[in-house]
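File shown: final25.txt (compact mmCIF, C-alpha atoms).
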```
# COMPACT_ATOMS: atom_id res chain seq x y z
CA GLY A 885 10.81 9.62 -9.63
CA GLU A 886 8.70 10.58 -6.65
CA ASN A 887 10.49 10.81 -3.30
CA VAL A 888 8.16 10.36 -0.30
CA GLU A 889 9.05 10.90 3.33
CA GLN A 890 6.94 10.56 6.45
CA HIS A 891 7.53 12.09 9.87
CA PRO A 892 7.65 11.01 12.56
CA SER A 893 8.43 7.32 12.11
CA THR A 894 6.98 6.57 15.55
CA LEU A 895 4.42 8.54 17.53
CA SER A 896 3.14 7.80 21.01
CA VAL A 897 0.18 9.74 22.42
CA GLN A 898 -2.15 9.51 25.38
CA GLU A 899 -5.73 8.49 24.68
CA GLY A 900 -7.78 11.56 23.90
CA ASP A 901 -4.84 13.59 22.58
CA SER A 902 -4.35 14.55 18.94
CA ALA A 903 -1.86 12.99 16.53
CA VAL A 904 -0.38 14.60 13.43
CA ILE A 905 1.65 12.79 10.76
CA LYS A 906 3.32 14.67 7.93
CA CYS A 907 4.14 13.44 4.43
CA THR A 908 6.46 15.32 2.10
CA TYR A 909 6.80 14.55 -1.58
CA SER A 910 9.01 15.74 -4.38
CA ASP A 911 6.94 15.70 -7.56
CA SER A 912 4.96 18.91 -7.98
CA ALA A 913 2.68 17.10 -10.48
CA SER A 914 1.23 14.93 -7.69
CA ASN A 915 -2.53 15.30 -7.68
CA TYR A 916 -3.97 12.62 -5.38
CA PHE A 917 -3.07 12.30 -1.70
CA PRO A 918 -4.37 9.27 0.24
CA TRP A 919 -3.64 8.01 3.74
CA TYR A 920 -3.79 4.29 4.53
CA LYS A 921 -4.00 2.54 7.90
CA GLN A 922 -2.46 -0.91 8.36
CA GLU A 923 -3.24 -3.07 11.36
CA LEU A 924 -1.15 -6.07 12.32
CA GLY A 925 -1.62 -9.00 9.93
CA LYS A 926 -3.82 -7.04 7.53
CA GLY A 927 -3.42 -5.14 4.32
CA PRO A 928 -3.51 -1.33 4.28
CA GLN A 929 -6.94 0.31 4.24
CA LEU A 930 -7.75 3.78 2.91
CA ILE A 931 -8.93 6.09 5.68
CA ILE A 932 -9.02 9.45 3.93
CA ASP A 933 -7.87 11.03 0.69
CA ILE A 934 -7.74 14.46 -0.86
CA ARG A 935 -7.34 15.77 -4.36
CA SER A 936 -5.19 18.68 -5.43
CA ASN A 937 -8.01 21.15 -5.89
CA VAL A 938 -8.91 20.99 -2.18
CA GLY A 939 -6.89 22.22 0.80
CA GLU A 940 -8.54 20.30 3.60
CA LYS A 941 -10.94 17.42 4.11
CA LYS A 942 -12.48 16.13 7.32
CA ASP A 943 -14.25 12.90 8.21
CA GLN A 944 -15.31 12.73 11.87
CA ARG A 945 -12.07 12.50 13.92
CA ILE A 946 -9.80 12.33 10.88
CA ALA A 947 -8.69 15.19 8.66
CA VAL A 948 -6.14 15.71 5.91
CA THR A 949 -4.58 19.06 5.00
CA LEU A 950 -2.65 19.75 1.81
CA ASN A 951 0.00 22.37 1.11
CA LYS A 952 0.84 22.04 -2.58
CA THR A 953 3.29 24.94 -2.55
CA ALA A 954 5.40 23.33 0.15
CA LYS A 955 4.69 19.83 -1.21
CA HIS A 956 3.43 18.23 1.94
CA PHE A 957 0.18 16.91 3.35
CA SER A 958 -0.72 15.88 6.87
CA LEU A 959 -3.01 13.44 8.63
CA HIS A 960 -4.72 14.73 11.76
CA ILE A 961 -6.43 12.41 14.22
CA THR A 962 -8.29 14.04 17.11
CA GLU A 963 -9.55 12.42 20.33
CA THR A 964 -7.33 9.39 19.72
CA GLN A 965 -8.53 5.99 20.87
CA PRO A 966 -6.59 2.74 21.46
CA GLU A 967 -8.05 1.32 18.23
CA ASP A 968 -6.24 4.06 16.31
CA SER A 969 -2.97 2.27 17.15
CA ALA A 970 -1.61 1.07 13.80
CA VAL A 971 0.87 1.97 11.06
CA TYR A 972 -0.13 4.83 8.78
CA PHE A 973 1.14 5.29 5.22
CA CYS A 974 0.88 8.16 2.78
CA ALA A 975 0.96 7.43 -0.96
CA PRO A 976 0.95 10.65 -3.04
CA HIS A 977 0.23 9.92 -6.67
CA THR A 978 1.55 11.74 -9.70
CA GLY A 979 0.05 9.89 -12.58
CA GLY A 980 1.20 6.78 -14.33
CA PHE A 981 0.66 3.34 -12.88
CA LYS A 982 3.17 3.20 -10.06
CA THR A 983 2.17 4.05 -6.47
CA ILE A 984 4.93 5.08 -4.05
CA PHE A 985 4.22 4.58 -0.35
CA GLY A 986 5.99 6.32 2.49
CA ALA A 987 7.93 4.22 4.99
CA GLY A 988 5.12 4.45 7.52
CA THR A 989 4.41 5.99 10.93
CA ARG A 990 3.74 3.68 13.83
CA LEU A 991 1.14 5.27 16.13
CA PHE A 992 0.73 4.05 19.70
CA VAL A 993 -2.26 5.32 21.67
CA LYS A 994 -1.85 4.69 25.39
CA ALA A 995 -5.00 4.09 27.37
CA GLY B 393 -16.97 -11.86 1.15
CA ALA B 394 -16.60 -9.00 -1.26
CA GLY B 395 -13.02 -8.09 -0.48
CA VAL B 396 -9.67 -8.97 -2.06
CA SER B 397 -8.49 -12.44 -1.12
CA GLN B 398 -5.01 -13.92 -1.33
CA SER B 399 -3.75 -17.46 -1.00
CA PRO B 400 -1.89 -18.99 0.59
CA ARG B 401 -1.71 -16.70 3.63
CA TYR B 402 1.64 -18.20 4.62
CA LYS B 403 4.23 -19.93 2.50
CA VAL B 404 7.54 -21.43 3.54
CA ALA B 405 9.92 -22.34 0.74
CA LYS B 406 13.40 -23.73 0.62
CA ARG B 407 15.92 -21.64 -1.23
CA GLY B 408 15.76 -22.47 -4.91
CA GLN B 409 12.12 -23.55 -4.95
CA ASP B 410 9.50 -21.92 -7.16
CA VAL B 411 6.40 -20.40 -5.56
CA ALA B 412 3.06 -19.14 -6.90
CA LEU B 413 0.95 -16.62 -5.03
CA ARG B 414 -2.69 -16.07 -5.95
CA CYS B 415 -4.84 -12.93 -5.81
CA ASP B 416 -8.61 -12.77 -6.24
CA PRO B 417 -9.54 -9.11 -6.72
CA ILE B 418 -12.93 -7.54 -6.15
CA SER B 419 -15.24 -8.50 -9.00
CA GLY B 420 -15.38 -5.83 -11.69
CA HIS B 421 -12.19 -4.07 -10.63
CA VAL B 422 -10.14 -3.09 -13.65
CA SER B 423 -6.87 -2.37 -11.89
CA LEU B 424 -4.71 -4.88 -10.02
CA PHE B 425 -1.45 -4.18 -8.22
CA TRP B 426 1.20 -6.33 -6.58
CA TYR B 427 3.42 -4.98 -3.80
CA GLN B 428 6.25 -6.37 -1.71
CA GLN B 429 6.37 -5.31 1.93
CA ALA B 430 9.49 -5.99 3.99
CA LEU B 431 9.23 -5.98 7.77
CA GLY B 432 8.79 -2.46 9.10
CA GLN B 433 8.63 -0.88 5.64
CA GLY B 434 5.97 0.49 3.36
CA PRO B 435 4.61 -1.49 0.43
CA GLU B 436 6.94 -1.42 -2.58
CA PHE B 437 5.31 -1.44 -6.01
CA LEU B 438 6.01 -4.50 -8.13
CA THR B 439 3.61 -4.46 -11.07
CA TYR B 440 0.29 -3.17 -12.38
CA PHE B 441 -2.43 -4.73 -14.55
CA GLN B 442 -5.29 -3.01 -16.30
CA ASN B 443 -7.64 -5.89 -17.05
CA GLU B 444 -5.37 -8.56 -18.58
CA ALA B 445 -2.69 -6.14 -19.78
CA GLN B 446 0.44 -5.74 -17.68
CA LEU B 447 1.10 -2.03 -18.16
CA ASP B 448 3.91 -1.55 -15.67
CA LYS B 449 6.35 -4.12 -14.36
CA SER B 450 9.11 -1.72 -13.45
CA GLY B 451 9.11 -2.77 -9.79
CA LEU B 452 9.81 -6.47 -10.34
CA PRO B 453 13.23 -6.98 -8.68
CA SER B 454 14.59 -9.52 -11.16
CA ASP B 455 13.61 -11.80 -14.00
CA ARG B 456 12.85 -14.46 -11.39
CA PHE B 457 9.60 -12.59 -10.71
CA PHE B 458 6.71 -13.02 -13.10
CA ALA B 459 3.06 -11.98 -12.84
CA GLU B 460 0.04 -12.72 -14.97
CA ARG B 461 -3.67 -11.97 -15.12
CA PRO B 462 -4.76 -13.91 -18.19
CA GLU B 463 -8.52 -13.30 -18.02
CA GLY B 464 -8.49 -9.92 -16.36
CA SER B 465 -9.60 -11.19 -12.97
CA VAL B 466 -7.48 -13.59 -10.88
CA SER B 467 -3.75 -12.87 -10.85
CA THR B 468 -0.74 -14.99 -9.98
CA LEU B 469 2.69 -13.79 -8.89
CA LYS B 470 5.35 -16.39 -9.51
CA ILE B 471 8.83 -16.34 -8.04
CA GLN B 472 11.35 -18.77 -9.48
CA ARG B 473 14.43 -20.07 -7.67
CA THR B 474 13.53 -18.24 -4.46
CA GLN B 475 16.27 -16.52 -2.48
CA GLN B 476 16.34 -15.49 1.18
CA GLU B 477 15.98 -11.84 0.21
CA ASP B 478 12.59 -12.68 -1.31
CA SER B 479 11.20 -13.20 2.21
CA ALA B 480 8.49 -10.58 2.67
CA VAL B 481 4.74 -10.06 2.67
CA TYR B 482 3.31 -9.89 -0.84
CA LEU B 483 0.24 -7.69 -1.06
CA CYS B 484 -2.31 -7.56 -3.83
CA ALA B 485 -4.65 -4.61 -4.31
CA SER B 486 -7.43 -3.84 -6.76
CA SER B 487 -9.30 -0.69 -7.70
CA PHE B 488 -12.34 0.09 -9.81
CA GLY B 489 -10.60 2.53 -12.11
CA PRO B 490 -7.08 3.51 -13.13
CA PRO B 491 -4.42 4.45 -10.57
CA GLY B 492 -4.14 7.90 -9.16
CA ASN B 493 -7.70 8.78 -8.37
CA ASN B 494 -9.20 5.58 -7.01
CA GLU B 495 -9.04 3.83 -3.67
CA GLN B 496 -6.93 0.67 -3.68
CA PHE B 497 -8.46 -2.25 -1.79
CA PHE B 498 -5.82 -4.52 -0.33
CA GLY B 499 -5.86 -8.21 0.43
CA PRO B 500 -4.40 -9.56 3.69
CA GLY B 501 -1.15 -10.52 1.99
CA THR B 502 0.90 -13.70 1.67
CA ARG B 503 3.83 -13.99 4.05
CA LEU B 504 6.67 -15.73 2.24
CA THR B 505 9.57 -17.13 4.21
CA VAL B 506 12.52 -18.53 2.29
CA LEU B 507 14.81 -20.78 4.33
```
Using structure tokens, write down the structure from this file.
Amino acid sequence: GENVEQHPSTLSVQEGDSAVIKCTYSDSASNYFPWYKQELGKGPQLIIDIRSNVGEKKDQRIAVTLNKTAKHFSLHITETQPEDSAVYFCAPHTGGFKTIFGAGTRLFVKA
Amino acid sequence: GAGVSQSPRYKVAKRGQDVALRCDPISGHVSLFWYQQALGQGPEFLTYFQNEAQLDKSGLPSDRFFAERPEGSVSTLKIQRTQQEDSAVYLCASSFGPPGNNEQFFGPGTRLTVL
């Protein structure tokens, strides 16, 4: 089955700095690569996703890059703000019905 | 609201009791997922429904866990004879199409505490 790892597990940045979270996966058949943000007491919410035929996607301060050869994809947040503080999960999808989430990265943005 | 709702939001059960957790997905969403999230961990897949059909239940931890979606909309996750290790947040998600290429919309979860 799919093995998913996220790094780092915790990330602390100063407001205005950039944050990068990396997700590695094992199944080369993975073809859908979403990132979810979870705030305290809420369910995860999709913030950006990418499909396997694209190498990079950007949405304002958030971007995702995909390296299919190396089997990893990364979340980039620029000009971080305190409201970006949350837990971020990757969930690469291979096919089938099961979704495997990474263990999460807790991001702290210090004002 | 138009989002996924779950009830109750909090449930405290004594060990050995049965519990039922409800999920109201977004209207018209074909896919429905249940996840278990332990403290400080990512959501762990439990089961998947496409309309009323339960197509994958490989993540259910034991035969004490049972899920249904009889009319293809509302779903219930039932846990019989609860144990302390069942304490977790149970998340429900729905999506318009099949898994793998569609955003999953999550409810706020039900926090289950088993004493």
Exercise on segment 916-921 of chain A, axis-aligned box with 4 Å per side, report centre and edge lengths in Å to one decimal, as JSON:
```
{"center_x": -3.7, "center_y": 7.6, "center_z": 1.3, "size_x": 9.3, "size_y": 18.1, "size_z": 21.3}
```
Separation of atom CA of Phe957 of chain A from atom CA of Val993 of chain A, in Å and rounded to one decimal: 21.8 Å
Per residue of chain B within 10 Å of chain A, what are the shortest atom pair and its distance in Å to one decimal, counting all atoms listed in the file, with rows by chain and residue number, as a tab-separated table?
```
residue	atom	partner	partner_atom	distance
B:Val396	CA	A:Gly927	CA	9.7
B:Arg401	CA	A:Gly925	CA	9.9
B:Ser423	CA	A:Phe981	CA	9.5
B:Phe425	CA	A:Lys982	CA	8.9
B:Tyr427	CA	A:Thr983	CA	9.5
B:Gly432	CA	A:Ala987	CA	7.9
B:Gln433	CA	A:Ala987	CA	5.2
B:Gly434	CA	A:Ala987	CA	4.5
B:Pro435	CA	A:Phe985	CA	6.1
B:Glu436	CA	A:Phe985	CA	7.0
B:Phe437	CA	A:Thr983	CA	6.3
B:Leu438	CA	A:Lys982	CA	8.4
B:Thr439	CA	A:Lys982	CA	7.7
B:Tyr440	CA	A:Phe981	CA	6.5
B:Phe441	CA	A:Phe981	CA	8.8
B:Gln442	CA	A:Phe981	CA	9.3
B:Leu447	CA	A:Phe981	CA	7.5
B:Asp448	CA	A:Phe981	CA	6.5
B:Lys449	CA	A:Lys982	CA	9.1
B:Ser450	CA	A:Lys982	CA	8.4
B:Gly451	CA	A:Lys982	CA	8.4
B:Val481	CA	A:Gly927	CA	9.7
B:Tyr482	CA	A:Gly927	CA	9.7
B:Leu483	CA	A:Gly927	CA	7.0
B:Cys484	CA	A:Gly927	CA	8.6
B:Ala485	CA	A:Gly927	CA	8.7
B:Pro490	CA	A:Phe981	CA	7.7
B:Pro491	CA	A:Phe981	CA	5.7
B:Gly492	CA	A:His977	CA	5.4
B:Asn493	CA	A:Tyr916	CA	6.1
B:Asn494	CA	A:Tyr916	CA	8.9
B:Glu495	CA	A:Leu930	CA	6.7
B:Gln496	CA	A:Leu930	CA	7.3
B:Phe497	CA	A:Gln929	CA	6.7
B:Phe498	CA	A:Gly927	CA	5.3
B:Gly499	CA	A:Gly927	CA	5.5
B:Pro500	CA	A:Gly927	CA	4.6
B:Gly501	CA	A:Gly927	CA	6.3
B:Thr502	CA	A:Gly925	CA	9.8
B:Arg503	CA	A:Gly925	CA	9.4
```
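Nearest-residue note for Ala405 of chain B: choosing from B:Val466, B:Ala459, B:Leu431, B:Ile471, the minimum distance belongs to B:Ile471, counting all atoms listed in the file.
Atom CA of Gln428 of chain B sits 13.0 Å away from atom CA of Ser454 of chain B.
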Please provide the set of residues having any atom within 6 Å of segment 937-949 of chain A, restricted to all atoms listed in the file, with same-chain residues fewer than 6 positions apart removed, written as a PyMOL selection string. chain A and resi 957-962
Figure out the distance between atom CA of Gly395 of chain B and atom CA of Asp478 of chain B, please, to one decimal in Å.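 Straight-line distance from atom CA of Asp478 of chain B to atom CA of Gly395 of chain B works out to 26.0 Å.
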With distances taken over all atoms listed in the file, which residue among B:Pro462, B:Gly408, B:Pro453, B:Pro400 lies nearest Leu507 of chain B?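 Closest candidate: B:Gly408.
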Mind checking which residues fall within 12 Å of Asn443 of chain B, counting all atoms listed in the file, ignoring those fewer than 4 positions away in the same chain, and posting them as a ChimeraX atom specification? /B:417,419-425,447,460-467,486-490
Option closest in space to Asp416 of chain B, from B:Leu504, B:Ala394, B:Ala430, B:Leu452 [counting all atoms listed in the file]: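 Nearest to Asp416 of chain B: B:Ala394.
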Do you know which residues are at most 7 Å from Leu991 of chain A counting all atoms listed in the file, after dropping those on the same chain fewer than 4 positions away, and could you put them as a list of chain:residue names?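 The neighbour list is A:Thr894, A:Leu895, A:Ser896, A:Ser969, A:Ala970, A:Val971.
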